[in-house]
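Q: For reference, this is protein38.txt, and it has compact mmCIF, C-alpha atoms.
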```
# COMPACT_ATOMS: atom_id res chain seq x y z
CA MET W 1 67.16 210.31 175.28
CA LEU W 2 65.17 207.39 173.92
CA ALA W 3 65.34 207.17 170.14
CA ARG W 4 61.56 206.90 169.89
CA VAL W 5 61.17 210.15 171.87
CA ALA W 6 63.67 211.86 169.57
CA ASN W 7 61.59 210.55 166.67
CA ASN W 8 58.48 212.15 168.19
CA LEU W 9 60.25 215.51 168.50
CA PHE W 10 61.53 215.27 164.93
CA TRP W 11 58.10 214.51 163.49
CA MET W 12 56.39 217.12 165.64
CA GLY W 13 58.59 219.72 163.94
CA ARG W 14 57.88 218.25 160.50
CA TYR W 15 54.12 218.15 160.90
CA ILE W 16 53.93 221.70 162.25
CA GLU W 17 55.83 222.99 159.23
CA ARG W 18 53.81 220.85 156.81
CA SER W 19 50.47 222.17 158.07
CA GLU W 20 51.61 225.76 157.52
CA HIS W 21 52.67 225.19 153.92
CA LEU W 22 49.50 223.27 153.06
CA ALA W 23 47.34 226.06 154.51
CA ARG W 24 49.22 228.85 152.77
CA TYR W 25 49.24 227.06 149.41
CA LEU W 26 45.49 226.49 149.69
CA ASN W 27 44.89 230.13 150.63
CA VAL W 28 47.13 231.76 148.02
CA ASN W 29 46.05 229.62 145.08
CA TYR W 30 42.35 229.81 145.81
CA PHE W 31 42.12 233.55 146.41
CA SER W 32 44.74 234.70 143.90
CA SER W 33 42.77 232.98 141.13
CA LEU W 34 39.88 235.36 141.84
CA ASP W 35 42.11 238.31 140.89
CA ALA W 36 44.00 236.65 138.01
CA PRO W 37 44.47 238.73 134.83
CA ASP W 38 41.93 238.10 132.08
CA GLU W 39 44.51 236.57 129.74
CA LEU W 40 45.23 233.75 132.18
CA SER W 41 43.14 230.60 131.97
CA GLN W 42 42.78 230.36 135.74
CA SER W 43 39.59 228.32 135.60
CA ARG W 44 38.22 226.94 138.85
CA GLN W 45 39.07 223.40 137.69
CA PHE W 46 42.66 224.45 136.97
CA VAL W 47 43.07 225.85 140.48
CA LEU W 48 41.46 222.84 142.14
CA ARG W 49 43.79 220.46 140.27
CA SER W 50 46.78 222.52 141.38
CA ILE W 51 45.63 222.32 145.01
CA MET W 52 45.06 218.57 144.79
CA TYR W 53 48.44 218.05 143.13
CA MET W 54 50.21 219.87 145.95
CA ALA W 55 48.29 218.04 148.68
CA ASP W 56 48.50 214.50 147.28
CA ASN W 57 51.45 214.79 144.87
CA GLU W 58 49.31 213.16 142.18
CA ILE W 59 48.38 214.50 138.76
CA ILE W 60 44.59 214.76 138.46
CA ASP W 61 43.06 213.67 135.16
CA SER W 62 42.01 216.80 133.24
CA ASP W 63 38.81 215.02 132.14
CA LEU W 64 37.75 214.52 135.75
CA GLU W 65 35.32 217.16 136.96
CA LEU W 66 36.28 218.27 140.45
CA LYS W 67 33.74 219.59 142.91
CA GLU W 68 35.04 222.62 144.80
CA GLU W 69 33.52 221.74 148.18
CA ASP W 70 34.89 218.19 147.98
CA VAL W 71 38.42 219.37 147.17
CA LEU W 72 38.44 221.95 149.96
CA PHE W 73 37.11 219.40 152.44
CA ASP W 74 39.66 216.75 151.41
CA VAL W 75 42.63 219.11 151.74
CA GLY W 76 41.41 220.89 154.86
CA LEU W 77 39.19 218.87 157.20
CA ASN W 78 38.72 215.34 155.87
CA PRO W 79 39.70 212.94 158.70
CA GLU W 80 39.96 210.09 156.19
CA LYS W 81 42.72 211.81 154.19
CA PRO W 82 46.16 211.31 155.81
CA ASN W 83 47.52 214.49 154.17
CA SER W 84 44.63 216.77 155.16
CA ILE W 85 45.47 219.74 157.38
CA ILE W 86 43.32 218.42 160.23
CA ASN W 87 45.22 215.11 160.25
CA VAL W 88 48.66 216.69 159.84
CA PHE W 89 48.02 218.88 162.88
CA LYS W 90 46.61 215.92 164.79
CA TYR W 91 49.87 214.05 164.13
CA ALA W 92 51.85 217.05 165.40
CA HIS W 93 49.77 217.04 168.59
CA GLU W 94 50.20 213.29 169.11
CA ASN W 95 53.96 213.55 168.75
CA ALA W 96 54.05 216.53 171.13
CA ARG W 97 52.04 214.58 173.69
CA SER W 98 54.39 211.58 173.37
CA SER W 99 57.39 213.80 174.15
CA ARG W 100 55.58 215.88 176.78
CA ASP W 101 58.37 215.62 179.38
CA LEU W 102 60.96 217.20 177.06
CA ILE W 103 59.04 220.22 175.81
CA SER W 104 57.83 223.26 177.73
CA THR W 105 54.38 223.60 179.24
CA GLU W 106 53.83 226.76 177.16
CA LEU W 107 54.65 224.91 173.93
CA PHE W 108 52.46 221.90 174.66
CA GLU W 109 49.50 224.02 175.79
CA THR W 110 49.73 226.10 172.60
CA ILE W 111 49.75 222.98 170.39
CA ASN W 112 46.92 221.47 172.44
CA ARG W 113 44.77 224.60 172.18
CA ILE W 114 45.27 224.95 168.44
CA ASN W 115 44.60 221.25 167.84
CA HIS W 116 41.31 221.63 169.71
CA SER W 117 40.35 224.59 167.50
CA VAL W 118 41.20 222.70 164.30
CA LYS W 119 39.25 219.59 165.34
CA ASN W 120 36.15 221.63 166.15
CA TYR W 121 36.19 223.90 163.12
CA SER W 122 32.86 223.80 161.29
CA VAL W 123 33.12 221.81 158.07
CA GLU W 124 30.10 223.57 156.60
CA ARG W 125 31.56 226.98 157.35
CA PHE W 126 34.96 225.95 155.96
CA VAL W 127 33.73 224.79 152.54
CA LYS W 128 31.24 227.66 152.21
CA ASN W 129 32.93 230.85 153.37
CA GLY W 130 35.46 230.03 156.10
CA LEU W 131 38.46 229.07 153.97
CA TYR W 132 40.29 232.35 154.54
CA ASP W 133 39.75 232.37 158.31
CA PHE W 134 40.78 228.73 158.66
CA THR W 135 43.99 228.97 156.62
CA LEU W 136 44.89 232.24 158.35
CA MET W 137 44.38 230.54 161.72
CA ILE W 138 46.75 227.73 160.72
CA THR W 139 49.52 230.00 159.41
CA GLN W 140 49.31 232.29 162.46
CA SER W 141 49.17 229.32 164.82
CA THR W 142 52.24 227.62 163.37
CA ALA W 143 54.13 230.91 163.67
CA GLU W 144 53.08 231.07 167.33
CA ILE W 145 54.26 227.49 167.88
CA ARG W 146 57.67 228.19 166.33
CA SER W 147 57.93 231.23 168.60
CA LYS W 148 57.25 229.00 171.62
CA ILE W 149 59.86 226.51 170.40
CA LYS W 150 62.50 229.20 170.10
CA GLY W 151 61.53 231.13 173.21
CA THR W 152 60.60 228.47 175.80
CA LEU W 153 63.05 225.61 175.13
CA LEU W 154 66.71 225.30 175.96
CA HIS W 155 68.70 225.42 172.73
CA ASP W 156 70.13 221.96 173.26
CA GLU W 157 69.70 218.57 171.55
CA VAL W 158 65.92 218.62 172.02
CA TYR W 159 65.69 221.97 170.27
CA ALA W 160 68.10 220.82 167.54
CA ILE W 161 66.02 217.72 166.79
CA ILE W 162 62.78 219.71 166.53
CA MET W 163 64.39 222.34 164.28
CA LEU W 164 65.96 219.62 162.17
CA GLY W 165 62.45 218.36 161.49
CA VAL W 166 61.17 221.90 160.81
CA TYR W 167 63.86 222.72 158.25
CA LEU W 168 63.80 219.33 156.56
CA GLU W 169 60.06 219.63 156.07
CA ARG W 170 60.43 223.24 154.93
CA VAL W 171 62.91 222.40 152.20
CA LEU W 172 60.71 219.50 151.05
CA GLN W 173 57.57 221.65 150.97
CA VAL W 174 59.27 224.58 149.22
CA THR W 175 60.66 222.20 146.60
CA ARG W 176 57.25 220.63 146.07
CA ILE W 177 55.59 224.05 145.82
CA ILE W 178 58.13 225.17 143.20
CA ASN W 179 57.47 221.95 141.32
CA SER W 180 53.69 222.38 141.53
CA LYS W 181 53.66 226.04 140.48
CA TYR W 182 56.14 225.46 137.68
CA SER W 183 53.83 222.72 136.39
CA ASP W 184 51.02 225.28 136.47
CA VAL W 185 53.16 227.71 134.48
CA LEU W 186 53.90 225.09 131.82
CA ALA W 187 50.22 224.17 131.62
CA GLU W 188 49.30 227.83 131.14
CA GLN W 189 52.02 228.25 128.55
CA LYS W 190 50.46 225.61 126.31
CA SER W 191 47.53 227.92 125.65
CA ASN W 192 49.64 231.09 125.57
CA PRO W 193 53.43 230.82 124.93
CA ASP W 194 54.03 234.36 126.21
CA LEU W 195 52.96 233.49 129.75
CA ILE W 196 56.32 231.96 130.73
CA GLY W 197 57.57 235.44 131.53
CA ASN W 198 54.39 236.66 133.18
CA SER W 199 55.21 238.16 136.58
CA TYR W 200 51.81 237.14 138.00
CA GLN W 201 52.78 233.48 138.01
CA TRP W 202 56.06 234.07 139.81
CA SER W 203 54.47 236.47 142.29
CA THR W 204 51.98 233.75 143.20
CA LEU W 205 54.80 231.26 143.71
CA LEU W 206 56.62 233.66 146.03
CA LYS W 207 53.45 234.29 148.04
CA CYS W 208 52.93 230.53 148.42
CA VAL W 209 56.16 230.38 150.42
CA SER W 210 55.73 233.78 152.12
CA SER W 211 58.71 235.30 150.30
CA TYR W 212 57.17 237.92 148.00
CA ASP W 213 58.10 241.01 150.02
CA MET W 214 61.60 239.72 150.74
CA MET W 215 62.22 239.10 147.06
CA ARG W 216 60.98 242.57 146.06
CA ARG W 217 63.25 244.22 148.62
CA TYR W 218 66.26 242.15 147.56
CA TYR W 219 66.00 242.60 143.77
CA LYS W 220 64.02 245.86 143.78
CA LYS W 221 62.08 244.82 140.70
CA THR W 222 59.08 242.81 139.55
CA PRO W 223 59.49 239.04 139.93
CA SER W 224 60.57 237.11 136.85
CA LYS W 225 61.27 233.45 136.30
CA ASN W 226 65.03 233.70 136.90
CA THR W 227 64.91 236.06 139.88
CA THR W 228 62.13 234.08 141.57
CA LEU W 229 63.82 230.70 141.16
CA GLU W 230 67.23 232.10 142.08
CA PHE W 231 65.78 233.66 145.25
CA LEU W 232 63.86 230.57 146.36
CA ILE W 233 66.56 228.05 145.49
CA LEU W 234 69.97 229.70 145.86
CA ASN W 235 69.68 232.81 148.05
CA SER W 236 71.16 232.00 151.46
CA LYS W 237 69.69 235.20 152.97
CA CYS W 238 66.12 234.08 152.33
CA PRO W 239 64.99 232.05 155.39
CA ARG W 240 62.77 229.89 153.20
CA SER W 241 65.15 229.22 150.34
CA ILE W 242 66.38 225.72 149.63
CA LYS W 243 69.99 226.76 150.17
CA ASN W 244 69.28 228.37 153.53
CA CYS W 245 67.29 225.35 154.70
CA LEU W 246 70.15 223.03 153.77
CA ASN W 247 72.55 225.23 155.74
CA ARG W 248 70.29 225.07 158.80
CA ILE W 249 69.78 221.31 158.46
CA TYR W 250 73.55 220.87 158.36
CA TYR W 251 73.96 223.09 161.44
CA TYR W 252 71.46 221.12 163.53
CA MET W 253 72.75 217.85 162.13
CA CYS W 254 76.20 218.71 163.48
CA ILE W 255 74.72 219.19 166.96
CA ILE W 256 73.03 215.80 167.17
CA SER W 257 75.75 213.85 165.31
CA LYS W 258 78.81 215.07 167.20
CA HIS W 259 79.13 211.74 169.03
CA HIS W 260 78.57 209.64 165.90
CA LEU W 261 81.04 208.55 163.26
CA VAL W 262 80.17 210.11 159.91
CA ALA W 263 80.14 207.22 157.45
CA ASN W 264 79.97 207.78 153.70
CA ASN W 265 76.34 206.65 153.53
CA SER W 266 75.15 208.35 156.72
CA ALA W 267 72.56 211.12 156.93
CA ALA W 268 75.21 213.60 158.13
CA PHE W 269 77.42 212.79 155.13
CA LEU W 270 74.55 213.12 152.63
CA ILE W 271 73.48 216.46 154.11
CA GLY W 272 77.04 217.79 154.06
CA LYS W 273 77.48 216.66 150.48
CA MET W 274 74.28 218.34 149.31
CA LYS W 275 75.15 221.54 151.19
CA ALA W 276 78.56 221.61 149.48
CA GLU W 277 76.95 221.10 146.06
CA PHE W 278 74.73 224.14 146.60
CA GLU W 279 77.58 226.35 147.80
CA TYR W 280 78.69 227.32 144.30
CA LYS W 281 75.61 226.43 142.26
CA LEU W 282 74.28 229.10 139.89
CA ILE W 283 70.80 229.58 138.48
CA GLU W 284 72.28 228.94 135.01
CA ASP W 285 73.20 225.44 136.18
CA ILE W 286 69.56 224.49 136.76
CA ASP W 287 67.54 226.83 134.54
CA ASP W 288 67.58 224.62 131.45
CA ASN W 289 66.69 221.42 133.29
CA LEU W 290 64.57 222.65 136.19
CA GLU W 291 62.17 219.70 136.19
CA GLU W 292 65.03 217.22 136.31
CA PHE W 293 66.72 219.24 139.06
CA ILE W 294 63.55 219.31 141.21
CA THR W 295 62.86 215.60 140.70
CA GLU W 296 66.41 214.71 141.73
CA LEU W 297 66.30 217.10 144.70
CA ILE W 298 63.04 215.61 146.03
CA TYR W 299 64.55 212.12 145.72
CA LYS W 300 67.74 213.12 147.58
CA LEU W 301 65.79 214.86 150.34
CA GLY W 302 63.64 211.77 150.77
CA GLU W 303 66.79 209.66 150.98
CA ILE W 304 68.20 211.97 153.67
CA ALA W 305 64.93 211.80 155.65
CA ASP W 306 65.04 207.98 155.54
CA LYS W 307 68.69 207.92 156.61
CA LEU W 308 67.99 210.31 159.48
CA GLU W 309 65.36 207.99 160.89
CA GLU W 310 67.58 204.97 160.32
CA ASP W 311 70.67 206.55 161.93
CA TYR W 312 69.11 208.41 164.86
CA PHE W 313 65.40 207.79 165.37
CA ASN W 314 65.04 204.04 164.94
CA VAL W 315 63.76 202.62 168.23
CA HIS W 316 66.15 199.69 167.84
CA GLN W 317 69.16 202.02 167.73
CA ARG W 318 71.00 203.81 170.50
CA LEU W 319 70.90 207.61 170.55
CA THR W 320 73.89 209.41 172.08
CA THR W 321 73.18 212.33 174.42
CA SER W 322 75.25 215.45 174.96
CA SER W 323 77.01 213.84 177.93
CA GLY W 324 78.25 211.00 175.75
CA LYS W 325 75.94 208.48 177.44
CA THR W 326 73.52 206.37 175.44
CA ALA W 327 69.94 205.40 176.03
CA GLU W 328 68.41 202.25 174.61
CA GLY W 329 65.17 202.55 172.72
CA ASN W 330 62.27 200.18 173.38
CA GLN W 331 62.71 196.89 171.62
```
Starting from the file, give its structure as structure tokens.
A:
Amino acid sequence: MLARVANNLFWMGRYIERSEHLARYLNVNYFSSLDAPDELSQSRQFVLRSIMYMADNEIIDSDLELKEEDVLFDVGLNPEKPNSIINVFKYAHENARSSRDLISTELFETINRINHSVKNYSVERFVKNGLYDFTLMITQSTAEIRSKIKGTLLHDEVYAIIMLGVYLERVLQVTRIINSKYSDVLAEQKSNPDLIGNSYQWSTLLKCVSSYDMMRRYYKKTPSKNTTLEFLILNSKCPRSIKNCLNRIYYYMCIISKHHLVANNSAAFLIGKMKAEFEYKLIEDIDDNLEEFITELIYKLGEIADKLEEDYFNVHQRLTTSSGKTAEGNQ
């Protein structure tokens, strides 16, 4: 397999997962603010800043007045914004098209159909009253795509590379969502110190990563700070937890790296090291320095992503196939 084709598969998986998390975060934060308890200062500006922070990873000046329609357009359908949902899905489609020969017809046709729907979605409808329908379409569509990936592809190296991208992006997005919502909690706490234990905030966080019902069934009680963070970070049974994602990344990494030497600074080594660190980590180990933990985790995940591309998906490198043969990437 050419390294550049493997790179396309990897990024196809990443962009599909990214579009889902952006859409769900936009949906949950916008609509949950309409039902927020009276004691919470969930002003429209507060919610818009939270959405922009998640989308662009930049803190918006509190003195800057944000226009709702502009924010929704930028995050959803602005073709000039590289992190908008329309562009993220376009990138997924382009990578799928570039690796057309290695994926199933059913998978490509599904991605192609959904990309067409996203491109032609009415901007006026979206910013006025179509936000719910649009974000629901994205979350349902990405679930359909993952179903096609799992059900119409051989579970070989191609599948492993795609799923490696899916889980790497998932752990990055979940970490960023935790970081964003925890920042919201701290901002709320400044005006009301009692809000740090408010279950509404943690319920919203769980819904942003589609884990609310799972958490309630597991703990059988109302979400709190500790139970929410423990579930999303350290619970290996939660398919969207950081720990579970790291386990899956390690599993797929083992499949594609079995013909490679694992050097101390390789992606496989870094993933294995992080997985081992999480094996016996407790919520008490990170509760007192959560912001520092998240910052360090995002940095390490970014380092792993860079090493993955350097070790396996660089077009100037050779990628080993399951037969032990190698294929040279385009120079």
Q: Within 8 Å of segment 101-104 of chain W, which residues of segment 150-242 of chain W come that close, and what is the closest atom pair and distance in Å for each? Count only C-alpha atoms and give it as a Markdown table.
A:
```
| residue | atom | partner | partner_atom | distance |
| --- | --- | --- | --- | --- |
| W:Thr152 | CA | W:Ser104 | CA | 6.2 |
| W:Leu153 | CA | W:Ser104 | CA | 6.3 |
| W:Val158 | CA | W:Leu102 | CA | 7.2 |
```
Q: Quick one: of W:Asn129, W:Asn87, W:Thr110, W:Ser241, who's nearest to Ser141 of chain W, counting only C-alpha atoms?
A: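 Nearest candidate to Ser141 of chain W out of W:Asn129, W:Asn87, W:Thr110, W:Ser241: W:Thr110.
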Q: I'd like the neighbourhood of segment 169-178 of chain W as a PDB file with C-alpha atoms, in the coordinates of the input, where a residue qualifies if any of its atoms comes within 9 Å (using all atoms listed in the file), though same-chain residues fewer than 2 positions away should be ignored.
A:
```
ATOM      1  CA  GLY W  13      58.590 219.720 163.940  1.00  0.00           C
ATOM      2  CA  ARG W  14      57.880 218.250 160.500  1.00  0.00           C
ATOM      3  CA  TYR W  15      54.120 218.150 160.900  1.00  0.00           C
ATOM      4  CA  ILE W  16      53.930 221.700 162.250  1.00  0.00           C
ATOM      5  CA  GLU W  17      55.830 222.990 159.230  1.00  0.00           C
ATOM      6  CA  ARG W  18      53.810 220.850 156.810  1.00  0.00           C
ATOM      7  CA  HIS W  21      52.670 225.190 153.920  1.00  0.00           C
ATOM      8  CA  LEU W  22      49.500 223.270 153.060  1.00  0.00           C
ATOM      9  CA  TYR W  25      49.240 227.060 149.410  1.00  0.00           C
ATOM     10  CA  MET W  54      50.210 219.870 145.950  1.00  0.00           C
ATOM     11  CA  ASN W  57      51.450 214.790 144.870  1.00  0.00           C
ATOM     12  CA  LEU W 164      65.960 219.620 162.170  1.00  0.00           C
ATOM     13  CA  GLY W 165      62.450 218.360 161.490  1.00  0.00           C
ATOM     14  CA  VAL W 166      61.170 221.900 160.810  1.00  0.00           C
ATOM     15  CA  TYR W 167      63.860 222.720 158.250  1.00  0.00           C
ATOM     16  CA  SER W 180      53.690 222.380 141.530  1.00  0.00           C
ATOM     17  CA  LYS W 181      53.660 226.040 140.480  1.00  0.00           C
ATOM     18  CA  TYR W 182      56.140 225.460 137.680  1.00  0.00           C
ATOM     19  CA  SER W 183      53.830 222.720 136.390  1.00  0.00           C
ATOM     20  CA  LEU W 205      54.800 231.260 143.710  1.00  0.00           C
ATOM     21  CA  CYS W 208      52.930 230.530 148.420  1.00  0.00           C
ATOM     22  CA  VAL W 209      56.160 230.380 150.420  1.00  0.00           C
ATOM     23  CA  LEU W 229      63.820 230.700 141.160  1.00  0.00           C
ATOM     24  CA  LEU W 232      63.860 230.570 146.360  1.00  0.00           C
ATOM     25  CA  ILE W 233      66.560 228.050 145.490  1.00  0.00           C
ATOM     26  CA  ARG W 240      62.770 229.890 153.200  1.00  0.00           C
ATOM     27  CA  SER W 241      65.150 229.220 150.340  1.00  0.00           C
ATOM     28  CA  ILE W 242      66.380 225.720 149.630  1.00  0.00           C
ATOM     29  CA  LYS W 243      69.990 226.760 150.170  1.00  0.00           C
ATOM     30  CA  ASN W 244      69.280 228.370 153.530  1.00  0.00           C
ATOM     31  CA  CYS W 245      67.290 225.350 154.700  1.00  0.00           C
ATOM     32  CA  LEU W 246      70.150 223.030 153.770  1.00  0.00           C
ATOM     33  CA  ILE W 294      63.550 219.310 141.210  1.00  0.00           C
ATOM     34  CA  LEU W 297      66.300 217.100 144.700  1.00  0.00           C
ATOM     35  CA  ILE W 298      63.040 215.610 146.030  1.00  0.00           C
ATOM     36  CA  LEU W 301      65.790 214.860 150.340  1.00  0.00           C
ATOM     37  CA  GLY W 302      63.640 211.770 150.770  1.00  0.00           C
TER      38      GLY W 302
END
```
Q: Measure the distance from atom CA of Asp56 of chain W to atom CA of Asp74 of chain W in Å and round it to one decimal.
A: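 Distance reported for this atom pair: 10.0 Å.
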Q: I'd like the neighbourhood of Asn78 of chain W as number ranges by chain, where a residue qualifies if any of its atoms comes within 12 Å (using only C-alpha atoms), though same-chain residues fewer than 4 positions away should be ignored.
A: W: 69-74, 82-88, 90, 118-119, 121-124, 126-127
Q: Which of these residues is nearest to Glu20 of chain W, using all atoms listed in the file: W:Asp133, W:Ser210, W:Tyr159, W:Tyr53?
A: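 Comparing W:Asp133, W:Ser210, W:Tyr159, W:Tyr53 against Glu20 of chain W, the winner is W:Ser210.
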Q: Given the point (55.4, 220.4, 174.0) in the coordinates of this file, which residues lie within 9 Å, counting all atoms listed in the file, and how would they look as a VMD selection string?
A: chain W and resid 9 93 95 to 112 149
Q: Tell me which protein, DNA and RNA residues are within 8 Å of Ile255 of chain W, counting only C-alpha atoms, leaving out same-chain ones fewer than 3 positions away, and put them as a ChimeraX atom specification.
A: /W:157,160,251-252,258
Q: Rounded to one decimal, what separation in Å do you get between atom CA of Asn115 of chain W and atom CA of Ala143 of chain W?
A: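 We find that atom CA of Asn115 of chain W and atom CA of Ala143 of chain W lie 14.2 Å from each other.
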Q: Please report the interatomic distance between atom CA of Pro223 of chain W and atom CA of Arg146 of chain W in Å with one decimal.
A: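 Atom CA of Pro223 of chain W sits 28.6 Å away from atom CA of Arg146 of chain W.
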Q: Using all atoms of segment 150-169 of chain W listed in the file and a margin of 4 Å per side, can you give the axis-aligned box centre and edge lengths in Å to one decimal, as JSON?
A:
```
{"center_x": 65.1, "center_y": 224.4, "center_z": 166.0, "size_x": 18.1, "size_y": 21.4, "size_z": 27.9}
```
Q: Considering all atoms listed in the file, can you say which of W:Asp156, W:Thr227, W:Cys238, W:Leu308 comes closest to Met214 of chain W?
A: W:Cys238
Q: Residues within 12 Å of (65.5, 207.8, 158.2), file coordinates, counting all atoms listed in the file: what are they? Give the list as a VMD selection string.
A: chain W and resid 3 7 10 to 11 165 168 265 to 268 270 301 to 315 317
Q: For the interface of segment 207-251 of chain W with segment 280-292 of chain W (cut-off 8 Å, counting only C-alpha atoms), please tabulate each contacting residue of segment 207-251 of chain W alongside its nearest pair of atoms and their separation in Å to one decimal, rows sorted by chain and increasing number, as a Markdown table.
A:
```
| residue | atom | partner | partner_atom | distance |
| --- | --- | --- | --- | --- |
| W:Asn226 | CA | W:Ile283 | CA | 7.3 |
| W:Leu229 | CA | W:Ile283 | CA | 7.6 |
| W:Glu230 | CA | W:Ile283 | CA | 5.7 |
| W:Leu234 | CA | W:Leu282 | CA | 7.4 |
```
Q: Pick from W:Leu34, W:Tyr250, W:Thr135, W:Asn179: nearest to Val75 of chain W, with all atoms listed in the file counted?
A: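 Nearest candidate to Val75 of chain W out of W:Leu34, W:Tyr250, W:Thr135, W:Asn179: W:Thr135.
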